Amino acid sequence: MTVKDWFEQRKEMQIARRDKETQIDDSIGKLWVKCYNCNTQLLRKEVEENLEVCPKCGYHFRINARTRINQLFDEGTFEEMFSNITTADPLNFTDTESYKKRINQAKAKTNMNEAVIAGIGKIDGNEVSAAIMDFEFMGGSMGSVVGEKVTLAMEEALKRKIPMIAVTASGGARMQESILSLMQMAKTSCAVAKLNEAGLLYITVLTEPTFGGVTASFATLGDIIIAEQDARIGFAGRRVIEQTIRQSLPADFQTADYLMKFGQIDIISSRAELKSTIAKLISLHKK
Amino acid sequence: MTILEFEKPLYEIEEKIEELKKISESSGMDVSNQLETFEKQAMEYKKELYANLTPAQRIQIARHADRPTFLDYIKLITTDFIELHGDREGSDDRAIIGGIAKINGQSIVIIGTQKGKTTKENLIYNFGMPQPQGYRKALRLFYHANKFNLPIVTLIDTPGAYPGIKAEETGQGTAIAVNLKEMAKLNVPIIAIITGEGCSGGALGLAVADRVFMLEHSYYTVISPEGCASILWRDATKADIAAQALKITSEDLLELEIIDGIIKEPLGGAHCDYEMIGNGLKNTIIKALDELKNINSTQLREERYNKFRRMGVFCQ
């Protein structure tokens, strides 16, 4: 084994371990967090100051929509829109718990009213319309509200003739709204068609994790597709694929690096560089 | 023919009637009166049985091994079909088949997912689960239809897009997404029909259409009931309950205003009478084509956009 091989193997083992240890170690209290990747105990404050990236190994922790907005937009420029659109329970759905209860729990847990925030803001002075998803709210799943707010954000971009930015973090379509969730894929994708026809720049930022119905609709339709470092992105989940093909998958399967290798994304960006990358792309597309 | 579990009592009755017929023939006894009564009763039982199926039972009909496939429908409803192969990027996915044909004298581009009836066939067609290359072949044929101003008909019967390594590496999500977006831009009428299973993005990838229909016992859903049960109930055996909760039947979808109409199936399901279901399908397509033919392309696209734009239920 060469030294290079050893490092490769070590990297793969680290990625393999991540799946199993994706819980924040709460036992030490809120002051400390444990890095999923390198297992180091870290000061919460230090991680926060480092954009929720491990100062030791550079692993990018998942962040919620509000944190993302603070990191991405010029201070005080983001104005939330369409927050009046809230979840209904059209199918009166109940699994082991009712959908209504799950929604209320998600609201209490995240202090959000749905899995996406839409609005207008400035990125290094460039006005954009944006939709930012939040994985903490029911796994960032896309139901009627997410589909509607993403579409409205795109229509706002059309109205104002400004670029559209979508930051995705989602397990896929929301099962509790069944076919209505599936149709949000069509709705948002048709809205992207309008952005295309108007010649407006549409940038998508795929963050950890982006899967299922979101991957198979507006997330992968960006004129430019950026994946955030350490994000896992795919259509089918790892477990489903393993069960279907009955063999184990490469450790780095569906990581941003893996997708880059297969030509599925344009850019991998670290969190620290994300804002300037987007700003640069916008200015490069100006005539 | 495969007999489904819930159909067994019916077949037992029908077998008994056949036996009775044979006995009467060989013994020379006249039992025609009794036979008539039994047959009438059996028919009534049959009608009642199929009118009160649970969603889970109807899924069994939708997945029936003898259910007509895309290629069966091609024979039943079109003439002069010429298959057009390949995605021009190295593949000819057999789970999606497309080509040009005539229906009622009108040329159309017809594309659909293909399932097999035997294991051997299913290996060829990958159980009707397309790879990204299948969606890209379909897209190429959509563009072809657009170029030559031919209406598009898609027939959908798929348990979903294939979840595999290669599928992920070559962009399964992207391939479906691009179809959704590009179908919105087409200038020709599009008619989509769910003929069996309409599972998830894999089905939707061919179904952003001006008119969407379902065969009576087909189902259309965001996730298979089995998949939903294993995620939400953490128990795949709860699929029957999930099927109920997900509201996946043709009547449910008509009520939710997701589809434009239901194509009635023969008693017992489409596999019981190919001719009849073929006619129903053909008439529906001809009628829809007729409705759409005089709408100019700008209006057509606008109406298609608005159709999907309206979908979704929320509070405001």
# chains A, B, ... in the order shown; residues from 1 in each chain; ligands from 1
>>> residues_around(residues="B:Thr69", least_positions_apart="4", cutoff="7 Å", atoms="only C-alpha atoms", output="PDB file with N, CA, C and O atoms, in the first residue's frame")
ATOM      1  N   TYR B  73     -50.684  -2.148 -26.698  1.00  0.00           N
ATOM      2  CA  TYR B  73     -51.523  -1.003 -27.068  1.00  0.00           C
ATOM      3  C   TYR B  73     -51.165  -0.470 -28.447  1.00  0.00           C
ATOM      4  O   TYR B  73     -52.036  -0.018 -29.193  1.00  0.00           O
ATOM      5  N   GLN B 114     -42.290   0.241 -21.132  1.00  0.00           N
ATOM      6  CA  GLN B 114     -42.629  -1.127 -21.522  1.00  0.00           C
ATOM      7  C   GLN B 114     -42.283  -2.095 -20.396  1.00  0.00           C
ATOM      8  O   GLN B 114     -41.184  -2.084 -19.868  1.00  0.00           O
ATOM      9  N   LYS B 115     -43.261  -2.930 -20.049  1.00  0.00           N
ATOM     10  CA  LYS B 115     -43.017  -4.008 -19.087  1.00  0.00           C
ATOM     11  C   LYS B 115     -43.074  -5.334 -19.826  1.00  0.00           C
ATOM     12  O   LYS B 115     -43.658  -5.417 -20.903  1.00  0.00           O
TER      13      LYS B 115
END
>>> closest_atom_pairs(of="chain A", to="chain B", cutoff="8 Å", atoms="only C-alpha atoms", output="tab-separated table")
residue	atom	partner	partner_atom	distance
A:Asn84	CA	B:Gln316	CA	5.7
A:Ile85	CA	B:Gln316	CA	4.8
A:Thr86	CA	B:Cys315	CA	5.0
A:Thr87	CA	B:Phe314	CA	5.2
A:Ala88	CA	B:Phe314	CA	4.7
A:Asp89	CA	B:Phe314	CA	7.8
A:Pro90	CA	B:Val313	CA	6.4
A:Leu91	CA	B:Lys247	CA	7.4
A:Phe93	CA	B:Ala245	CA	6.1
A:Thr94	CA	B:Ala245	CA	7.1
A:Asp95	CA	B:Trp233	CA	6.4
A:Thr96	CA	B:Trp233	CA	6.0
A:Gly143	CA	B:Gly312	CA	7.8
A:Ser144	CA	B:Gly312	CA	4.6
A:Val145	CA	B:Phe314	CA	6.1
A:Gly147	CA	B:Gly312	CA	7.8
A:Glu148	CA	B:Gly312	CA	7.4
A:Ala173	CA	B:Val222	CA	7.2
A:Met175	CA	B:Val222	CA	6.7
A:Gln176	CA	B:Leu246	CA	7.3
A:Glu177	CA	B:Leu246	CA	7.6
A:Ser178	CA	B:Val222	CA	5.2
A:Ile179	CA	B:Thr221	CA	5.1
A:Leu180	CA	B:Gly312	CA	5.4
A:Ser181	CA	B:Val222	CA	6.8
A:Leu182	CA	B:Val222	CA	5.1
A:Met183	CA	B:Met311	CA	6.5
A:Gln184	CA	B:Gly312	CA	7.1
A:Met185	CA	B:Leu180	CA	7.8
A:Ala186	CA	B:Leu180	CA	5.8
A:Lys187	CA	B:Phe308	CA	5.2
A:Ser189	CA	B:Lys181	CA	4.8
A:Cys190	CA	B:Lys181	CA	5.1
A:Ala191	CA	B:Lys181	CA	7.9
A:Val192	CA	B:Lys181	CA	6.6
A:Ala193	CA	B:Lys181	CA	5.3
A:Gly212	CA	B:Gly173	CA	7.3
A:Gly213	CA	B:Gly201	CA	6.6
A:Thr215	CA	B:Gly173	CA	5.2
A:Ala216	CA	B:Gly173	CA	3.8
A:Ser217	CA	B:Ala177	CA	4.3
A:Phe218	CA	B:Ala177	CA	6.9
A:Thr220	CA	B:Thr174	CA	5.4
A:Leu221	CA	B:Ala177	CA	6.6
A:Gly234	CA	B:Glu168	CA	6.5
A:Phe235	CA	B:Gly173	CA	5.0
A:Ala236	CA	B:Pro163	CA	5.6
A:Val240	CA	B:Pro163	CA	7.0
A:Ile241	CA	B:Pro163	CA	5.3
A:Thr244	CA	B:Pro163	CA	7.1
A:Ile245	CA	B:Gly164	CA	6.8
A:Leu249	CA	B:Ile165	CA	7.8
A:Gln254	CA	B:Glu168	CA	7.6
A:Leu259	CA	B:Glu169	CA	6.8
A:Phe262	CA	B:Glu169	CA	5.8
A:Gln264	CA	B:Gly171	CA	6.4
>>> atom_distance(atom1="atom CA of A:Asp5", atom2="atom CA of A:Glu228")
25.5 Å
>>> residues_around(residues="stretch 156-159 of chain B", least_positions_apart="3", cutoff="7 Å", atoms="only C-alpha atoms", output="PyMOL selection string")
chain B and resi 112-113+128-129+193-199+203
>>> select_by_dssp(residues="stretch 140-250 of chain A", states="helix (DSSP H, G or I)", output="tab-separated table (two decimals) with N, CA, C and O atoms, in the first residue's frame")
chain	number	residue	atom	x	y	z
A	140	GLY	N	-36.91	18.63	5.01
A	140	GLY	CA	-36.91	19.49	3.82
A	140	GLY	C	-37.81	18.97	2.71
A	140	GLY	O	-37.60	19.29	1.54
A	144	SER	N	-47.08	20.88	-1.13
A	144	SER	CA	-47.71	21.98	-1.87
A	144	SER	C	-47.09	23.34	-1.53
A	144	SER	O	-46.90	24.17	-2.41
A	145	VAL	N	-46.78	23.57	-0.24
A	145	VAL	CA	-46.28	24.89	0.16
A	145	VAL	C	-44.89	25.13	-0.41
A	145	VAL	O	-44.62	26.21	-0.98
A	146	VAL	N	-44.02	24.15	-0.29
A	146	VAL	CA	-42.66	24.32	-0.83
A	146	VAL	C	-42.73	24.57	-2.33
A	146	VAL	O	-42.12	25.50	-2.86
A	147	GLY	N	-43.53	23.74	-3.03
A	147	GLY	CA	-43.66	23.91	-4.49
A	147	GLY	C	-44.19	25.28	-4.85
A	147	GLY	O	-43.69	25.93	-5.77
A	148	GLU	N	-45.19	25.74	-4.11
A	148	GLU	CA	-45.80	27.03	-4.41
A	148	GLU	C	-44.81	28.18	-4.15
A	148	GLU	O	-44.67	29.08	-4.97
A	149	LYS	N	-44.11	28.12	-3.02
A	149	LYS	CA	-43.20	29.23	-2.68
A	149	LYS	C	-42.00	29.27	-3.62
A	149	LYS	O	-41.54	30.35	-4.00
A	150	VAL	N	-41.50	28.10	-4.01
A	150	VAL	CA	-40.40	28.07	-4.98
A	150	VAL	C	-40.87	28.67	-6.31
A	150	VAL	O	-40.18	29.49	-6.93
A	151	THR	N	-42.08	28.27	-6.73
A	151	THR	CA	-42.63	28.78	-7.99
A	151	THR	C	-42.85	30.30	-7.91
A	151	THR	O	-42.50	31.04	-8.84
A	152	LEU	N	-43.40	30.76	-6.79
A	152	LEU	CA	-43.62	32.20	-6.62
A	152	LEU	C	-42.30	32.97	-6.65
A	152	LEU	O	-42.23	34.06	-7.23
A	153	ALA	N	-41.27	32.39	-6.04
A	153	ALA	CA	-39.95	33.05	-6.06
A	153	ALA	C	-39.45	33.16	-7.50
A	153	ALA	O	-38.87	34.19	-7.89
A	154	MET	N	-39.68	32.11	-8.29
A	154	MET	CA	-39.25	32.16	-9.69
A	154	MET	C	-40.07	33.19	-10.47
A	154	MET	O	-39.53	33.92	-11.31
A	155	GLU	N	-41.35	33.25	-10.18
A	155	GLU	CA	-42.19	34.24	-10.87
A	155	GLU	C	-41.81	35.66	-10.44
A	155	GLU	O	-41.93	36.60	-11.24
A	156	GLU	N	-41.34	35.80	-9.21
A	156	GLU	CA	-40.86	37.11	-8.74
A	156	GLU	C	-39.59	37.50	-9.51
A	156	GLU	O	-39.44	38.66	-9.91
A	157	ALA	N	-38.72	36.52	-9.74
A	157	ALA	CA	-37.51	36.78	-10.55
A	157	ALA	C	-37.91	37.22	-11.95
A	157	ALA	O	-37.31	38.14	-12.52
A	158	LEU	N	-38.94	36.58	-12.51
A	158	LEU	CA	-39.43	36.93	-13.84
A	158	LEU	C	-39.96	38.36	-13.87
A	158	LEU	O	-39.66	39.13	-14.79
A	159	LYS	N	-40.73	38.68	-12.83
A	159	LYS	CA	-41.34	39.99	-12.75
A	159	LYS	C	-40.26	41.08	-12.67
A	159	LYS	O	-40.34	42.10	-13.33
A	160	ARG	N	-39.26	40.83	-11.83
A	160	ARG	CA	-38.23	41.86	-11.61
A	160	ARG	C	-37.04	41.74	-12.55
A	160	ARG	O	-36.10	42.54	-12.47
A	175	MET	N	-44.43	12.74	1.35
A	175	MET	CA	-45.37	11.64	1.15
A	175	MET	C	-46.78	11.96	1.65
A	175	MET	O	-47.76	11.49	1.10
A	176	GLN	N	-46.87	12.75	2.70
A	176	GLN	CA	-48.18	13.03	3.31
A	176	GLN	C	-49.12	13.82	2.40
A	176	GLN	O	-50.29	13.94	2.69
A	177	GLU	N	-48.56	14.38	1.32
A	177	GLU	CA	-49.45	15.05	0.36
A	177	GLU	C	-49.48	14.31	-0.96
A	177	GLU	O	-49.96	14.82	-1.98
A	178	SER	N	-48.93	13.12	-0.96
A	178	SER	CA	-48.96	12.18	-2.08
A	178	SER	C	-48.87	12.86	-3.45
A	178	SER	O	-47.93	13.56	-3.73
A	179	ILE	N	-49.89	12.65	-4.28
A	179	ILE	CA	-49.82	13.10	-5.68
A	179	ILE	C	-49.65	14.62	-5.78
A	179	ILE	O	-49.03	15.11	-6.72
A	180	LEU	N	-50.16	15.35	-4.80
A	180	LEU	CA	-50.01	16.81	-4.84
A	180	LEU	C	-48.54	17.19	-4.72
A	180	LEU	O	-48.08	18.15	-5.35
A	181	SER	N	-47.79	16.42	-3.93
A	181	SER	CA	-46.34	16.66	-3.83
A	181	SER	C	-45.65	16.35	-5.15
A	181	SER	O	-44.78	17.10	-5.59
A	182	LEU	N	-46.07	15.24	-5.76
A	182	LEU	CA	-45.46	14.87	-7.05
A	182	LEU	C	-45.66	15.99	-8.07
A	182	LEU	O	-44.74	16.33	-8.82
A	183	MET	N	-46.84	16.59	-8.04
A	183	MET	CA	-47.14	17.63	-9.02
A	183	MET	C	-46.33	18.91	-8.79
A	183	MET	O	-46.19	19.73	-9.69
A	184	GLN	N	-45.79	19.08	-7.58
A	184	GLN	CA	-44.93	20.24	-7.33
A	184	GLN	C	-43.64	20.14	-8.15
A	184	GLN	O	-43.04	21.15	-8.49
A	185	MET	N	-43.23	18.91	-8.44
A	185	MET	CA	-42.06	18.73	-9.32
A	185	MET	C	-42.35	19.31	-10.69
A	185	MET	O	-41.52	20.00	-11.29
A	186	ALA	N	-43.55	19.01	-11.20
A	186	ALA	CA	-43.94	19.54	-12.52
A	186	ALA	C	-44.07	21.06	-12.46
A	186	ALA	O	-43.56	21.78	-13.31
A	187	LYS	N	-44.73	21.54	-11.40
A	187	LYS	CA	-45.00	22.98	-11.28
A	187	LYS	C	-43.69	23.79	-11.24
A	187	LYS	O	-43.53	24.75	-12.00
A	188	THR	N	-42.76	23.38	-10.38
A	188	THR	CA	-41.51	24.14	-10.25
A	188	THR	C	-40.68	24.04	-11.53
A	188	THR	O	-40.06	25.02	-11.95
A	189	SER	N	-40.70	22.86	-12.17
A	189	SER	CA	-39.91	22.68	-13.39
A	189	SER	C	-40.47	23.51	-14.53
A	189	SER	O	-39.72	24.04	-15.37
A	190	CYS	N	-41.81	23.61	-14.59
A	190	CYS	CA	-42.43	24.46	-15.62
A	190	CYS	C	-42.06	25.93	-15.39
A	190	CYS	O	-41.87	26.68	-16.34
A	191	ALA	N	-41.94	26.31	-14.11
A	191	ALA	CA	-41.53	27.68	-13.81
A	191	ALA	C	-40.09	27.93	-14.26
A	191	ALA	O	-39.75	29.02	-14.73
A	192	VAL	N	-39.23	26.92	-14.13
A	192	VAL	CA	-37.86	27.05	-14.63
A	192	VAL	C	-37.87	27.26	-16.14
A	192	VAL	O	-37.09	28.04	-16.69
A	193	ALA	N	-38.80	26.56	-16.82
A	193	ALA	CA	-38.93	26.73	-18.28
A	193	ALA	C	-39.17	28.21	-18.60
A	193	ALA	O	-38.61	28.75	-19.56
A	194	LYS	N	-39.98	28.86	-17.78
A	194	LYS	CA	-40.26	30.30	-18.00
A	194	LYS	C	-39.00	31.15	-17.79
A	194	LYS	O	-38.75	32.10	-18.52
A	195	LEU	N	-38.21	30.79	-16.75
A	195	LEU	CA	-36.95	31.52	-16.52
A	195	LEU	C	-36.04	31.36	-17.74
A	195	LEU	O	-35.40	32.31	-18.18
A	196	ASN	N	-35.98	30.13	-18.26
A	196	ASN	CA	-35.15	29.85	-19.45
A	196	ASN	C	-35.59	30.73	-20.62
A	196	ASN	O	-34.77	31.35	-21.28
A	197	GLU	N	-36.91	30.76	-20.84
A	197	GLU	CA	-37.43	31.51	-21.99
A	197	GLU	C	-37.18	33.01	-21.85
A	197	GLU	O	-37.00	33.70	-22.84
A	198	ALA	N	-37.14	33.48	-20.60
A	198	ALA	CA	-36.89	34.91	-20.37
A	198	ALA	C	-35.38	35.21	-20.34
A	198	ALA	O	-34.98	36.36	-20.21
A	212	GLY	N	-34.28	12.71	-4.17
A	212	GLY	CA	-35.64	12.40	-4.61
A	212	GLY	C	-36.26	13.45	-5.52
A	212	GLY	O	-35.62	13.92	-6.47
A	213	GLY	N	-37.49	13.81	-5.19
A	213	GLY	CA	-38.28	14.70	-6.03
A	213	GLY	C	-37.69	16.09	-6.22
A	213	GLY	O	-38.00	16.76	-7.20
A	214	VAL	N	-36.86	16.53	-5.30
A	214	VAL	CA	-36.22	17.84	-5.46
A	214	VAL	C	-35.06	17.73	-6.44
A	214	VAL	O	-34.88	18.57	-7.33
A	215	THR	N	-34.28	16.63	-6.33
A	215	THR	CA	-33.23	16.37	-7.31
A	215	THR	C	-33.83	16.21	-8.70
A	215	THR	O	-33.26	16.68	-9.68
A	218	PHE	N	-36.53	21.03	-9.70
A	218	PHE	CA	-35.85	22.32	-9.87
A	218	PHE	C	-34.38	22.35	-9.42
A	218	PHE	O	-33.62	23.18	-9.87
A	219	ALA	N	-33.96	21.38	-8.56
A	219	ALA	CA	-32.58	21.42	-8.06
A	219	ALA	C	-31.55	21.21	-9.17
A	219	ALA	O	-30.50	21.85	-9.18
A	220	THR	N	-31.85	20.31	-10.09
A	220	THR	CA	-30.86	19.99	-11.13
A	220	THR	C	-31.12	20.74	-12.43
A	220	THR	O	-30.53	20.42	-13.45
A	221	LEU	N	-32.00	21.74	-12.38
A	221	LEU	CA	-32.31	22.48	-13.60
A	221	LEU	C	-31.59	23.81	-13.68
A	221	LEU	O	-31.85	24.61	-14.57
A	238	ARG	N	-29.47	5.80	-0.80
A	238	ARG	CA	-28.46	4.76	-0.77
A	238	ARG	C	-29.06	3.39	-0.42
A	238	ARG	O	-28.77	2.38	-1.06
A	239	ARG	N	-29.93	3.38	0.59
A	239	ARG	CA	-30.51	2.11	1.05
A	239	ARG	C	-31.37	1.44	-0.04
A	239	ARG	O	-31.32	0.24	-0.25
A	240	VAL	N	-32.16	2.27	-0.72
A	240	VAL	CA	-33.03	1.74	-1.79
A	240	VAL	C	-32.18	1.09	-2.88
A	240	VAL	O	-32.50	0.01	-3.37
A	241	ILE	N	-31.09	1.76	-3.23
A	241	ILE	CA	-30.23	1.23	-4.29
A	241	ILE	C	-29.59	-0.08	-3.83
A	241	ILE	O	-29.57	-1.07	-4.56
A	242	GLU	N	-29.10	-0.08	-2.58
A	242	GLU	CA	-28.46	-1.30	-2.07
A	242	GLU	C	-29.44	-2.47	-2.05
A	242	GLU	O	-29.09	-3.60	-2.39
A	243	GLN	N	-30.69	-2.18	-1.66
A	243	GLN	CA	-31.69	-3.24	-1.64
A	243	GLN	C	-32.05	-3.72	-3.04
A	243	GLN	O	-32.33	-4.90	-3.25
A	244	THR	N	-32.02	-2.80	-4.01
A	244	THR	CA	-32.38	-3.18	-5.38
A	244	THR	C	-31.28	-4.00	-6.04
A	244	THR	O	-31.54	-5.03	-6.64
A	245	ILE	N	-30.05	-3.52	-5.92
A	245	ILE	CA	-28.97	-4.21	-6.65
A	245	ILE	C	-28.26	-5.25	-5.79
A	245	ILE	O	-27.47	-6.03	-6.29
>>> residues_around(residues="A:Gly76", least_positions_apart="3", cutoff="9 Å", atoms="only C-alpha atoms", output="count of residues only")
5
>>> select_by_dssp(residues="stretch 62-108 of chain A", states="strand (DSSP E or B)", output="list of chain:residue names")
A:Glu79, A:Glu80, A:Met81, A:Thr86, A:Thr87, A:Thr94, A:Ser98
>>> atom_distance(atom1="atom CA of B:Asp87", atom2="atom CA of A:Thr204")
26.3 Å
>>> atom_distance(atom1="atom CA of A:Tyr36", atom2="atom CA of A:Ile63")
13.8 Å
>>> residues_around(residues="B:Arg140", least_positions_apart="4", cutoff="9 Å", atoms="only C-alpha atoms", output="list in words")
Gly86, Asp87, Arg88, Tyr135, Arg136, His144 and Ala145 of chain B
>>> write_last_selection(atoms="N, CA and C atoms", output="PDB file, in the first residue's frame")
ATOM      1  N   GLY B  86     -32.957   4.627 -29.543  1.00  0.00           N
ATOM      2  CA  GLY B  86     -31.699   5.211 -29.111  1.00  0.00           C
ATOM      3  C   GLY B  86     -31.711   6.652 -28.641  1.00  0.00           C
ATOM      4  N   ASP B  87     -30.769   6.938 -27.719  1.00  0.00           N
ATOM      5  CA  ASP B  87     -30.660   8.299 -27.182  1.00  0.00           C
ATOM      6  C   ASP B  87     -29.562   9.103 -27.865  1.00  0.00           C
ATOM      7  N   ARG B  88     -28.858   8.445 -28.830  1.00  0.00           N
ATOM      8  CA  ARG B  88     -27.745   9.090 -29.561  1.00  0.00           C
ATOM      9  C   ARG B  88     -26.540   9.376 -28.669  1.00  0.00           C
ATOM     10  N   TYR B 135     -35.214   8.329 -20.498  1.00  0.00           N
ATOM     11  CA  TYR B 135     -35.851   9.654 -20.488  1.00  0.00           C
ATOM     12  C   TYR B 135     -35.243  10.558 -21.549  1.00  0.00           C
ATOM     13  N   ARG B 136     -33.933  10.363 -21.792  1.00  0.00           N
ATOM     14  CA  ARG B 136     -33.271  11.202 -22.806  1.00  0.00           C
ATOM     15  C   ARG B 136     -33.702  10.783 -24.202  1.00  0.00           C
ATOM     16  N   HIS B 144     -38.438  15.748 -31.723  1.00  0.00           N
ATOM     17  CA  HIS B 144     -38.775  15.318 -33.075  1.00  0.00           C
ATOM     18  C   HIS B 144     -40.239  15.677 -33.374  1.00  0.00           C
ATOM     19  N   ALA B 145     -41.104  15.361 -32.435  1.00  0.00           N
ATOM     20  CA  ALA B 145     -42.531  15.662 -32.594  1.00  0.00           C
ATOM     21  C   ALA B 145     -42.742  17.165 -32.747  1.00  0.00           C
TER      22      ALA B 145
END
>>> closest_residue(among="B:Ser230, B:Thr79, B:Ser297, B:Ser91", to="B:Asn104", atoms="only C-alpha atoms")
B:Thr79
